[in-house]
Amino acid sequence: MRNNNVLGIVFSNMYDEVLPGLTAVRPMGSVPFAGRYRLIDFTLSNFVNSGISKVGIITRNNYQSLMDHIGSGKSWDLSRKNEGLYFLPPFTMSDELYAGRIASLIDIRPFFRNAREEYVILSDCHVAGNIDINNIIKEHISSGADITVACRHGFAPPLKDNLIMWMNAENRIIDIVLGQHPAGECDYGVGLYLMRKDLMVGMLEAAASRNQMNFDRDILLRHLGDVNIHGYRLPEHTSVISSLGSYFKANMALLNTNVLESLFDPQRPIYTKVRDAAPALYGLHASVSNSLVADGCFIEGRVHNSILFRDVRIARDAVVENSIVMQGSVICERTSLNYSVLDKDVVVKAGRVLSGAEDYPLFINKGTVV
Amino acid sequence: MRNNNVLGIVFSNMYDEVLPGLTAVRPMGSVPFAGRYRLIDFTLSNFVNSGISKVGIITRNNYQSLMDHIGSGKSWDLSRKNEGLYFLPPFTMSDELYAGRIASLIDIRPFFRNAREEYVILSDCHVAGNIDINNIIKEHISSGADITVACRHGFAPPLKDNLIMWMNAENRIIDIVLGQHPAGECDYGVGLYLMRKDLMVGMLEAAASRNQMNFDRDILLRHLGDVNIHGYRLPEHTSVISSLGSYFKANMALLNTNVLESLFDPQRPIYTKVRDAAPALYGLHASVSNSLVADGCFIEGRVHNSILFRDVRIARDAVVENSIVMQGSVICERTSLNYSVLDKDVVVKAGRVLSGAEDYPLFINKGTVV
Amino acid sequence: MFRKQECVAMLLAGGQGSRLYALTRNLAKPAVPYGGKYRIIDFPLSNCINSGIETVGVLTQYQPLVLNDYIGSGQPWDLDRMEAGVHVLPPYQRSRGGDWYKGTANAIYQNIAFIERYDPEYVLVLSGDHIYKMDYSKMIEEHKRNKADCTIAVIEVEMSEASRFGILNTKPDGMIYEFDEKPARPKSNLASMGIYVFSWDKLRHYLNQDEENPQSQNDFGRDVLPAMLNKGERMFSYRFSGYWKDVGTIDSLWEANMDLLNPKIPLDLSETDWKIYSRNPGLPPHYLGATAEVQNSMICEGSKIHGKVDFSVLFSGVTVSQGAEVRDSILMPGAKILPGARVNYAIVAENAVIGTDAVVGSRPEESPNLDEWGIAVIAAGINVGSGSVVPSKSMVESDI
Amino acid sequence: MFRKQECVAMLLAGGQGSRLYALTRNLAKPAVPYGGKYRIIDFPLSNCINSGIETVGVLTQYQPLVLNDYIGSGQPWDLDRMEAGVHVLPPYQRSRGGDWYKGTANAIYQNIAFIERYDPEYVLVLSGDHIYKMDYSKMIEEHKRNKADCTIAVIEVEMSEASRFGILNTKPDGMIYEFDEKPARPKSNLASMGIYVFSWDKLRHYLNQDEENPQSQNDFGRDVLPAMLNKGERMFSYRFSGYWKDVGTIDSLWEANMDLLNPKIPLDLSETDWKIYSRNPGLPPHYLGATAEVQNSMICEGSKIHGKVDFSVLFSGVTVSQGAEVRDSILMPGAKILPGARVNYAIVAENAVIGTDAVVGSRPEESPNLDEWGIAVIAAGINVGSGSVVPSKSMVESDI
């Protein structure tokens with residue numbers, strides 16, 4: 001009945017560079033998603049729903065908004081007496097040190113030393129999915145793996161450092177290619193790794209002492225021959241955010257109720273910080289379809305195929321289609337919005353027409369008045 | 001009945017350099033004091049006991065231990081829904097920016113902008129006292145001051161940047177000398193300032209835009225002619241920590257029950273993080289006098305004029321006099337300790353004799369086995 | 001251990017709310033859902049914290065399980081404080097037996113020890129029956145200014161309605177000289193709101209005295225306030241103007257919800273300087289499907305709407321299926337309206353299911369006899385079978 | 001809303017603890033102070049969280065104010081959880097009236113709804129009367145292994161003492177075939193510890209059945225367990241070895257405290273792998289003055305000692321003045337021993353004051369008649385005037 005034996009580590013800044021607009025003011029972990037969430041909510045909720053009760057969040061920069069969001073961790077039931085949530089800001093001030101996963105992990109060795117857990121799971125924040133980590137743990141143990149690497153099957157995202165893997169019939173990884181983007185479908189890593197804590201610390205120290213600082217290259221690839229590295233295929237509805245386009249697509253996918261229900265499975269809820277807002281209010285001329293609408297919205301216009309975050313106002317005769325409108329934004333009368341992503345507190349003035357394209361949505365920076 | 005109208009700002013790293021041993025592993029704010037406290041506990045408790053419910057803690061480096069200590073702020077009743085406690089780590093990574101008070105404050109301008117409070121109180125962490133800040137606020141308002149600077153009267157501490165002030169009969173500051181250490185008694189600042197928020201932000205911006213980055217010199221001294229700067233004399237039992245000697249003395253002063261009772265006034269409690277430890281246990285041959293002993297200690301030897309933090313063990317036939325022994329340290333059989341300050345988790349092996357002098361106590365680093 | 005508080009609030013939350021019938025079968029009245037994401041008790045609790053009152057005793061007695069869990073540590077209202085904060089106070093046994101709370105005054109009497117540990121100057125007595133936003137600190141200021149022993153909040157009602165209320169007759173300076181309970185010929189239109197500020201020393205005296213009186217029903221309105229007035233204590237009215245609505249009956253609960261959809265009615269839950277807090281169910285944003293038609297309505301998190309919704313208040317986790325129609329109704333958390341069902345002028349309580357093509361309630365204009373028309377109520381967890389018809393004004397408490 | 005929990009613990013904390021007399025006048029027994037900084041309830045609560053049981057219902061009834069505040073949100077025991085955590089469950093009124101808890105089984109019966117929302121496999125029934133450290137998860141493991149319907153924790157007692165206990169007679173595999181309540185001629189020395197694991201489906205069935213039986217006293221030991229045994233349910237004993245002490249009488253409470261000073265007794269509160277948590281009073285370290293002489297004793301935060309203390313347990317905020325002598329005694333939080341007073345074999349409850357040169361209790365070796373000798377008790381808040389003499393075995397409940 002005790003909590004499971006796994007220590008969770010979250011990298012809140014990994015892949016910041018793929019969403020330059022959204023991460024200009026926040027780390028990847030606090031990028032808004034699905035109307036009221038931040039990306040880190042998915043990782044933290046997956047951890048907590050799987051019984052992980054000690055979580056360290058590695059931060060590099062821009063993390064004020066993340067600290068505000070996470071607070072004491074109470075929203076994820078991680079405000080614990082002996083365990084719970086730990087912010088792990090860089091101990092040293094040098095920017096370079098934090099470039100790599102290995103350097104970040106080496107920096108928090110005392111955290112590993114003090115933890116009683118036997119296993120460690122490492123997770124990035126650019127993945128939105130409802131993942132039962134206990135299944136990964138079970139498969140890790142039953143397969144006799146030393147390291148388990150979670151992956152998705154499909155076309156690899158346009159990331160420069162993809163981890164592309166080939167597995168045998170038992171899902172043991174037999175070959176790895178880094179960075180290369182093959183033409184067809186493949187299994188690609190999603191920055192989620194499970195292994196024994198002591199094995200990891202040992203490998204980290206060995207690598208760092210040789211100045212080998214790339215986790216995928218200097219630990220996985222180098223040890224492919226001598227340790228058992230296992231692949232775990234994640235369920236279908238797990239979105240990898242690798243560009244504004246894929247961010248847009250992952251949000252829009254939620255307008256399919258099957259996807260929505262699999263991400264927000266009531267048996268494994270996604271937790272987030274509570275903000276007090278009144279329920280959404282629909283006016284006399286409101287016409288809304290195929291959309292997600294958060295609390296606090298006031299809608300008098302037309303909304304179609306869109307996601308509205310908290311406290312968004314859509315005035316009369318405004319038309320919002322195929323768009324994501326973040327918290328506090330105001331869409332004035334007679335505007336037309338199509339294929340657009342509006343960051344927080346944007347104002348679109350009356351009569352404006354804004355339109356991006358399906359594969360290249362228009363992004364509007366936080367606080368802009370257009 | 002609402003909380004008062006003052007925003008609290010704590011500088012957790014100021015004067016780190018005066019206690020090099022103790023601040024090697026922690027900022028000034030988390031230096032242990034009085035058997036179970038950290039220095040920041042006094043500042044935070046004074047704030048909270050005066051009705052301040054929004055507090056920002058400015059950190060520069062080494063702040064992991066401070067974050068662990070503070071947690072969600074629950075122990076100070078500062079885990080609030082809308083206000084409470086905010087960690088303010090450096091936004092930018094450059095070390096230099098944080099050298100001065102002005103630069104730190106300029107860096108957190110958004111925090112001031114978002115606060116509804118009218119006043120700001122700035123406090124360092126090198127002062128241990130039970131200070132009723134409402135009295136300072138009352139005097140600030142009744143005297144019509146623009147800025148109030150709290151001070152102590154006596155011999156100025158051996159700090160290189162003392163703020164020494166002369167006041168008129170109404171306690172208006174009429175002259176200021178920076179850094180100079182006069183021969184006799186004087187009024188010297190203790191890093192506690194109260195002023196209107198908008199006045200402060202205006203002065204900060206004016207100073208910073210001219211690259212004037214020293215608060216005492218570029219704000220107080222420069223504006224002595226044109227704004228009303230008021231001095232507020234703090235009560236007697238307020239200790240300024242400016243060296244290992246004064247740290248030692250401030251702790252030892254608590255063995256006078258008058259000082260102890262004035263610092264730990266039940267009407268204005270000093271809050272700290274709770275650590276679960278059993279009560280202290282005294283053995284068959286224990287002999288303890290004029291000492292403060294925290295929970296979790298197990299004492300079989302002799303202790304005199306000393307302060308024992310949590311979970312200290314004093315073995316049979318050990319003699320501890322005029323010493324401060326921090327959490328988890330073990331003093332083995334037949335040792336003798338005099339005028340010593342032992343950081344956490346020190347082991348003094350059997351038979352050792354360690355002795356400093358009253359004005360030059362011996363300091364032993366955290367975790368050392370002697 | 002406990003530090004002095006200038007004012008302690010005591011919230012009477014023990015009532016059965018029997019005029020809400022099916023809605024309070026397993027629920028204390030203050031826990032009844034309201035306004036899409038709130039419960040009635042959110043209003044007095046939020047008013048307290050917004051007024052700077054940080055110590056609140058909640059007196060429970062009837063079906064408190066849901067209420068206790070809802071209040072929990074008090075965190076949603078920022079009332080989880082080290083020494084102050086919200087405390088649930090059920091009746092309990094003492095060495096010489098125990099008593100249920102006999103009346104509103106007795107409930108406070110039994111908790112004198114709780115109040116005393118904060119050594120307050122004033123005690124604010126509240127009930128969990130009304131929807132309103134009020135700054136109690138202003139009332140306390142006026143109580144102090146008047147050097148009053150007791151201050152009673154009053155609201156002007158229509159003179160024609162005054163005989164339905166407890167009316168206070170006051171001198172021009174607000175001093176009360178007479179209580180007039182539901183007067184046939186009201187002399188004033190100042191109705192008591194059931195919100196009292198007492199100077200604690202006085203109140204304690206009268207509570208002790210009231211307890212010794214075997215004739216007393218131990219009620220504030222019936223016993224304690226008249227006793228104080230008889231003895232010539234300084235009792236003042238405090239005028240409140242603004243939205244204030246009793247939600248003690250099915251009709252008034254329905255109306256108070258509908259008021260939220262009326263932009264002319266001055267109750268704005270989205271105001272940021274006087275927020276009403278509530279415990280959040282933690283669900284994703286609501287989803288409106290391709291066939292949804294929603295107008296003039298309030299919709300909350302986690303709901304899924306594929307049908308038609310007009311002039312209605314929908315709570316969290318509600319489902320309205322394709323082809324279903326909901327008008328002038330309240331759907332409480334988890335209610336499910338299956339395809340083709342029609343819901344008109346109804347309250348559908350938590351997790352009730354309205355089956356395919358079922359009809360619940362009717363519109364007044366369709367009713368042959370308006371006296372027999374009224375709001376239909378489906379109790380929590382009830383299943384209305386497919387094709388069933390629930391006439392207006394019915395109260396459905398078992399599956400049909 | 002609530003997620004499944006494998007096991008829910010129900011802690012019976014409603015008892016008056018009448019054999020602790022003056023100590024439980026205003027205090028439920030589980031709230032009685034113990035061991036310098038604990039209350040009795042810290043032990044079952046800490047055992048729960050250390051055993052991985054995160055859902056605990058605490059059934060209160062008698063004088064719960066102190067206990068409620070002490071438990072609060074459950075934070076000191078890490079039991080402040082979003083859905084699980086500790087919940088205080090007082091008796092309450094329903095639409096058809098309300099009941100105080102009639103017996104231990106009835107208390108659980110009245111909270112079936114609370115248990116059901118977690119849909120547990122097992123229910124662990126605990127009491128707040130004992131000092132012990134126990135890993136309940138091992139007991140539940142054994143319950144599962146035995147495919148038992150009910151498992152009862154037992155401890156071996158001296159055969160000569162067995163007739164004072166409820167004795168379980170078991171087969172070699174631990175299966176219970178007989179209950180023997182305080183047997184004149186015990187067949188075994190396995191005493192029930194009052195700790196039960198039930199398979200919830202079975203327990204619910206027997207609780208419902210017990211409630212329908214008008215003859216029943218609705219007690220686990222008297223009614224429910226014998227009924228299960230009669231019906232041939234699989235009932236097993238679970239052997240516990242280690243420290244276990246009932247603190248239901250003045251003598252046993254005193255002894256259990258003194259046990260902490262005896263290094264030979266296996267109850268170590270400083271163990272870090274099975275911590276006993278408590279709510280911290282938040283006081284500075286204790287101060288021993290120049291004239292203090294303290295040996296063989298336990299001293300807690302905030303105390304100030306200037307006199308002599310030997311073989312005693314002192315709680316937080318205690319004062320022992322110069323020239324005062326405290327031996328073989330327990331001083332509860334805030335007790336004050338003024339100059340020259342002598343306290344021997346006594347329990348001085350919270351905030352009691354022993355005046356200058358007063359004498360409380362006596363040593364057995366000074367007593368002419370050992371049968372009349374015993375622990376002296378000074379109730380909470382009592383003033384013993386200067387020079388007064390309180391004989392041994394007295395119970396002082398008003399100022400002298």
# chains A, B, ... in the order shown; residues from 1 in each chain; ligands from 1

call {"tool": "interface_residues", "arguments": {"of": "chain C", "to": "chain B", "cutoff": "9 Å", "atoms": "only C-alpha atoms", "output": "MDAnalysis selection string"}}
result
chainID C and resid 1 3 6:7 49:53 75:83 137

call {"tool": "write_last_selection", "arguments": {"atoms": "all heavy atoms", "output": "compact mmCIF listing (two decimals), in the first residue's frame"}}
result
# COMPACT_ATOMS: atom_id res chain seq x y z
N MET C 1 -2.09 29.68 23.23
CA MET C 1 -2.09 29.05 21.90
C MET C 1 -2.86 29.92 20.88
O MET C 1 -2.42 30.11 19.76
CB MET C 1 -2.79 27.69 21.99
CG MET C 1 -1.99 26.64 22.68
SD MET C 1 -0.59 26.07 21.69
CE MET C 1 -1.45 24.98 20.52
N ARG C 3 -4.53 33.42 19.52
CA ARG C 3 -4.37 34.84 19.72
C ARG C 3 -5.69 35.56 19.55
O ARG C 3 -6.59 35.09 18.88
CB ARG C 3 -3.32 35.37 18.74
CG ARG C 3 -1.95 35.13 19.35
CD ARG C 3 -0.91 35.88 18.60
NE ARG C 3 -0.73 35.30 17.28
CZ ARG C 3 -0.06 35.92 16.33
NH1 ARG C 3 0.44 37.11 16.53
NH2 ARG C 3 0.11 35.33 15.17
N GLU C 6 -10.31 40.31 16.79
CA GLU C 6 -11.30 41.35 17.10
C GLU C 6 -12.72 40.80 16.91
O GLU C 6 -13.60 41.09 17.69
CB GLU C 6 -11.09 42.57 16.19
CG GLU C 6 -12.00 43.72 16.63
CD GLU C 6 -11.93 44.92 15.69
OE1 GLU C 6 -11.63 44.72 14.50
OE2 GLU C 6 -12.19 46.03 16.16
N CYS C 7 -12.91 40.01 15.88
CA CYS C 7 -14.25 39.51 15.59
C CYS C 7 -14.20 38.05 15.17
O CYS C 7 -13.36 37.65 14.37
CB CYS C 7 -14.88 40.34 14.46
SG CYS C 7 -16.55 39.81 14.06
N ILE C 49 -13.89 36.28 4.43
CA ILE C 49 -12.47 36.50 4.14
C ILE C 49 -12.29 37.84 3.42
O ILE C 49 -11.35 38.57 3.69
CB ILE C 49 -11.85 35.31 3.37
CG1 ILE C 49 -10.33 35.43 3.34
CG2 ILE C 49 -12.37 35.19 1.95
CD1 ILE C 49 -9.68 35.17 4.65
N ASN C 50 -13.23 38.19 2.55
CA ASN C 50 -13.13 39.48 1.87
C ASN C 50 -13.30 40.65 2.83
O ASN C 50 -12.82 41.75 2.56
CB ASN C 50 -14.18 39.58 0.75
CG ASN C 50 -13.85 38.67 -0.42
OD1 ASN C 50 -12.69 38.34 -0.66
ND2 ASN C 50 -14.87 38.25 -1.16
N SER C 51 -13.99 40.41 3.95
CA SER C 51 -14.17 41.46 4.96
C SER C 51 -13.04 41.45 5.98
O SER C 51 -13.08 42.21 6.95
CB SER C 51 -15.49 41.25 5.71
OG SER C 51 -16.58 41.20 4.83
N GLY C 52 -12.07 40.57 5.81
CA GLY C 52 -10.95 40.51 6.75
C GLY C 52 -11.26 39.73 8.01
O GLY C 52 -10.51 39.81 8.98
N ILE C 53 -12.34 38.96 8.04
CA ILE C 53 -12.66 38.13 9.20
C ILE C 53 -12.09 36.75 8.95
O ILE C 53 -12.50 36.06 8.01
CB ILE C 53 -14.18 38.08 9.44
CG1 ILE C 53 -14.68 39.48 9.80
CG2 ILE C 53 -14.52 37.07 10.54
CD1 ILE C 53 -16.17 39.59 9.86
N GLN C 75 -9.15 25.83 2.69
CA GLN C 75 -8.19 26.39 1.74
C GLN C 75 -8.85 27.18 0.60
O GLN C 75 -8.38 28.27 0.27
CB GLN C 75 -7.28 25.26 1.21
CG GLN C 75 -6.07 25.73 0.44
CD GLN C 75 -6.40 25.95 -1.03
OE1 GLN C 75 -7.30 25.34 -1.57
NE2 GLN C 75 -5.67 26.87 -1.66
N PRO C 76 -9.94 26.69 -0.01
CA PRO C 76 -10.49 27.44 -1.14
C PRO C 76 -10.89 28.87 -0.78
O PRO C 76 -10.91 29.75 -1.63
CB PRO C 76 -11.72 26.63 -1.56
CG PRO C 76 -11.40 25.23 -1.14
CD PRO C 76 -10.64 25.39 0.14
N TRP C 77 -11.20 29.12 0.49
CA TRP C 77 -11.60 30.47 0.92
C TRP C 77 -10.45 31.18 1.62
O TRP C 77 -10.65 32.19 2.27
CB TRP C 77 -12.82 30.38 1.84
CG TRP C 77 -13.92 29.63 1.17
CD1 TRP C 77 -14.90 30.14 0.37
CD2 TRP C 77 -14.12 28.22 1.17
NE1 TRP C 77 -15.68 29.14 -0.12
CE2 TRP C 77 -15.23 27.95 0.34
CE3 TRP C 77 -13.46 27.15 1.78
CZ2 TRP C 77 -15.69 26.65 0.12
CZ3 TRP C 77 -13.92 25.87 1.55
CH2 TRP C 77 -15.03 25.63 0.74
N ASP C 78 -9.23 30.63 1.53
CA ASP C 78 -8.08 31.17 2.23
C ASP C 78 -8.32 31.17 3.74
O ASP C 78 -7.83 32.04 4.45
CB ASP C 78 -7.77 32.59 1.73
CG ASP C 78 -6.29 32.91 1.90
OD1 ASP C 78 -5.50 31.99 2.15
OD2 ASP C 78 -5.92 34.09 1.80
N LEU C 79 -9.12 30.22 4.21
CA LEU C 79 -9.43 30.15 5.64
C LEU C 79 -8.72 28.96 6.29
O LEU C 79 -9.18 28.43 7.30
CB LEU C 79 -10.96 30.06 5.85
CG LEU C 79 -11.72 31.38 5.64
CD1 LEU C 79 -13.23 31.15 5.59
CD2 LEU C 79 -11.39 32.38 6.76
N ASP C 80 -7.60 28.53 5.72
CA ASP C 80 -6.81 27.49 6.37
C ASP C 80 -5.66 28.17 7.09
O ASP C 80 -4.55 28.22 6.60
CB ASP C 80 -6.30 26.46 5.36
CG ASP C 80 -5.50 27.07 4.22
OD1 ASP C 80 -5.77 28.24 3.87
OD2 ASP C 80 -4.60 26.40 3.70
N ARG C 81 -5.94 28.68 8.26
CA ARG C 81 -4.96 29.45 8.98
C ARG C 81 -4.44 28.68 10.19
O ARG C 81 -5.10 27.80 10.70
CB ARG C 81 -5.59 30.77 9.45
CG ARG C 81 -5.93 31.68 8.29
CD ARG C 81 -4.70 32.01 7.48
NE ARG C 81 -5.03 32.65 6.23
CZ ARG C 81 -5.39 33.94 6.13
NH1 ARG C 81 -5.42 34.69 7.19
NH2 ARG C 81 -5.68 34.45 4.97
N MET C 82 -3.26 29.11 10.64
CA MET C 82 -2.62 28.38 11.72
C MET C 82 -3.47 28.37 12.97
O MET C 82 -3.71 27.34 13.58
CB MET C 82 -1.27 29.00 12.02
CG MET C 82 -0.16 28.24 11.36
SD MET C 82 1.49 28.74 11.81
CE MET C 82 1.38 30.46 12.11
N GLU C 83 -3.92 29.52 13.40
CA GLU C 83 -4.70 29.58 14.64
C GLU C 83 -6.14 29.96 14.34
O GLU C 83 -7.05 29.46 14.95
CB GLU C 83 -4.09 30.61 15.58
CG GLU C 83 -2.70 30.18 16.04
CD GLU C 83 -1.99 31.28 16.78
OE1 GLU C 83 -2.35 32.45 16.60
OE2 GLU C 83 -1.07 30.95 17.54
N SER C 137 -17.10 44.15 7.46
CA SER C 137 -16.26 45.07 8.24
C SER C 137 -16.91 46.44 8.35
O SER C 137 -16.77 47.13 9.35
CB SER C 137 -14.85 45.17 7.65
OG SER C 137 -14.87 45.85 6.42

call {"tool": "closest_atom_pairs", "arguments": {"of": "region 162-231 of chain B", "to": "region 6-9 of chain B", "cutoff": "9 Å", "atoms": "only C-alpha atoms", "output": "CSV"}}
result
residue,atom,partner,partner_atom,distance
B:Leu194,CA,B:Val6,CA,8.8
B:Arg196,CA,B:Val6,CA,8.7
B:Lys197,CA,B:Leu7,CA,8.3

call {"tool": "residues_around", "arguments": {"residues": "region 377-388 of chain C", "least_positions_apart": "6", "cutoff": "8 Å", "atoms": "only C-alpha atoms", "output": "PyMOL selection string"}}
result
chain C and resi 22-23+341+346-359+394-400

call {"tool": "write_last_selection", "arguments": {"atoms": "C-alpha atoms", "output": "compact mmCIF listing (two decimals), in the first residue's frame"}}
result
# COMPACT_ATOMS: atom_id res chain seq x y z
CA ALA C 22 -35.77 16.56 -2.17
CA LEU C 23 -32.70 18.76 -2.59
CA ALA C 341 -35.28 14.58 -23.68
CA ALA C 346 -36.91 22.21 -13.77
CA ILE C 347 -34.16 21.59 -11.25
CA VAL C 348 -32.30 18.37 -11.97
CA ALA C 349 -30.16 17.53 -8.94
CA GLU C 350 -26.73 15.94 -8.83
CA ASN C 351 -26.11 12.91 -11.03
CA ALA C 352 -29.78 12.50 -11.93
CA VAL C 353 -30.38 11.03 -15.39
CA ILE C 354 -33.22 12.13 -17.67
CA GLY C 355 -33.82 9.27 -20.09
CA THR C 356 -34.20 9.35 -23.86
CA ASP C 357 -37.21 11.34 -25.02
CA ALA C 358 -38.36 11.90 -21.42
CA VAL C 359 -40.14 15.16 -20.66
CA SER C 394 -43.56 17.44 -9.26
CA MET C 395 -40.88 16.33 -6.87
CA VAL C 396 -39.33 13.07 -8.06
CA GLU C 397 -37.56 11.20 -5.26
CA SER C 398 -37.44 7.70 -6.70
CA ASP C 399 -36.65 6.27 -10.10
CA ILE C 400 -39.49 6.37 -12.61

call {"tool": "interface_residues", "arguments": {"of": "chain D", "to": "chain C", "cutoff": "6 Å", "atoms": "only C-alpha atoms", "output": "MDAnalysis selection string"}}
result
chainID D and resid 61:63 73 92:94

call {"tool": "interface_residues", "arguments": {"of": "chain A", "to": "chain B", "cutoff": "12 Å", "atoms": "only C-alpha atoms", "output": "VMD selection string"}}
result
chain A and resid 25 to 26 59 to 75 78 to 98 108 110 to 111 273 to 276

call {"tool": "residues_around", "arguments": {"residues": "Tyr360 (chain B)", "least_positions_apart": "4", "cutoff": "8 Å", "atoms": "only C-alpha atoms", "output": "ChimeraX atom specification"}}
result
/B:244-245,339,356

call {"tool": "write_last_selection", "arguments": {"atoms": "N, CA, C and O atoms", "output": "PDB file, in the first residue's frame"}}
result
ATOM      1  N   LEU B 244      31.509  36.226  13.176  1.00  0.00           N
ATOM      2  CA  LEU B 244      31.288  35.018  13.971  1.00  0.00           C
ATOM      3  C   LEU B 244      31.222  35.374  15.449  1.00  0.00           C
ATOM      4  O   LEU B 244      30.419  34.808  16.207  1.00  0.00           O
ATOM      5  N   GLY B 245      32.027  36.368  15.858  1.00  0.00           N
ATOM      6  CA  GLY B 245      32.019  36.802  17.262  1.00  0.00           C
ATOM      7  C   GLY B 245      30.658  37.324  17.679  1.00  0.00           C
ATOM      8  O   GLY B 245      30.131  36.965  18.736  1.00  0.00           O
ATOM      9  N   TYR B 339      34.089  27.467  24.073  1.00  0.00           N
ATOM     10  CA  TYR B 339      34.052  28.541  23.077  1.00  0.00           C
ATOM     11  C   TYR B 339      34.153  28.004  21.655  1.00  0.00           C
ATOM     12  O   TYR B 339      35.042  28.383  20.898  1.00  0.00           O
ATOM     13  N   GLY B 356      38.087  27.543  21.658  1.00  0.00           N
ATOM     14  CA  GLY B 356      38.338  28.870  21.103  1.00  0.00           C
ATOM     15  C   GLY B 356      38.417  29.851  22.247  1.00  0.00           C
ATOM     16  O   GLY B 356      38.593  29.459  23.403  1.00  0.00           O
TER      17      GLY B 356
END

call {"tool": "select_by_dssp", "arguments": {"residues": "region 124-304 of chain C", "states": "strand (DSSP E)", "output": "ChimeraX atom specification"}}
result
/C:124-127,130-132,150-156,166-170,176-181,190-199,235-240,244-246,286-288,293-295,297-299,304

call {"tool": "residues_around", "arguments": {"residues": "Asp310 (chain D)", "least_positions_apart": "5", "cutoff": "8 Å", "atoms": "only C-alpha atoms", "output": "short mmCIF file (atom, residue, chain, number, x, y, z; two decimals) with all heavy atoms, in the first residue's frame"}}
result
data_model
loop_
_atom_site.label_atom_id
_atom_site.label_comp_id
_atom_site.auth_asym_id
_atom_site.auth_seq_id
_atom_site.Cartn_x
_atom_site.Cartn_y
_atom_site.Cartn_z
N VAL D 294 18.79 18.15 36.36
CA VAL D 294 17.85 17.30 35.62
C VAL D 294 18.53 15.98 35.28
O VAL D 294 19.61 15.97 34.67
CB VAL D 294 17.38 17.99 34.33
CG1 VAL D 294 16.48 17.06 33.53
CG2 VAL D 294 16.68 19.30 34.63
N GLN D 295 17.93 14.91 35.69
CA GLN D 295 18.46 13.59 35.34
C GLN D 295 17.33 12.63 35.03
O GLN D 295 16.21 12.80 35.50
CB GLN D 295 19.32 13.04 36.48
CG GLN D 295 20.78 13.49 36.38
CD GLN D 295 21.39 13.77 37.72
OE1 GLN D 295 20.80 13.49 38.74
NE2 GLN D 295 22.59 14.36 37.70
N ASN D 296 17.64 11.63 34.20
CA ASN D 296 16.69 10.54 33.93
C ASN D 296 15.32 11.06 33.53
O ASN D 296 14.31 10.51 33.95
CB ASN D 296 16.53 9.67 35.18
CG ASN D 296 17.86 9.26 35.77
OD1 ASN D 296 18.68 8.67 35.08
ND2 ASN D 296 18.10 9.65 36.99
N SER D 297 15.30 12.11 32.76
CA SER D 297 14.02 12.75 32.49
C SER D 297 13.91 13.16 31.03
O SER D 297 14.91 13.21 30.31
CB SER D 297 13.85 13.98 33.37
OG SER D 297 13.71 13.60 34.71
N VAL D 326 10.80 17.84 41.50
CA VAL D 326 9.80 17.03 40.80
C VAL D 326 10.40 15.65 40.60
O VAL D 326 11.44 15.52 39.94
CB VAL D 326 9.44 17.66 39.44
CG1 VAL D 326 8.49 16.77 38.67
CG2 VAL D 326 8.86 19.06 39.63
N ARG D 327 9.77 14.63 41.16
CA ARG D 327 10.31 13.28 41.01
C ARG D 327 9.21 12.30 40.63
O ARG D 327 8.10 12.35 41.14
CB ARG D 327 11.01 12.84 42.30
CG ARG D 327 12.20 13.75 42.60
CD ARG D 327 12.84 13.40 43.93
NE ARG D 327 13.45 12.08 43.88
CZ ARG D 327 14.02 11.50 44.95
NH1 ARG D 327 14.03 12.12 46.11
NH2 ARG D 327 14.56 10.30 44.82
N ASP D 328 9.54 11.41 39.72
CA ASP D 328 8.62 10.33 39.33
C ASP D 328 7.25 10.89 38.95
O ASP D 328 6.22 10.32 39.32
CB ASP D 328 8.47 9.31 40.47
CG ASP D 328 9.80 8.70 40.84
OD1 ASP D 328 10.28 7.86 40.09
OD2 ASP D 328 10.39 9.12 41.86
#
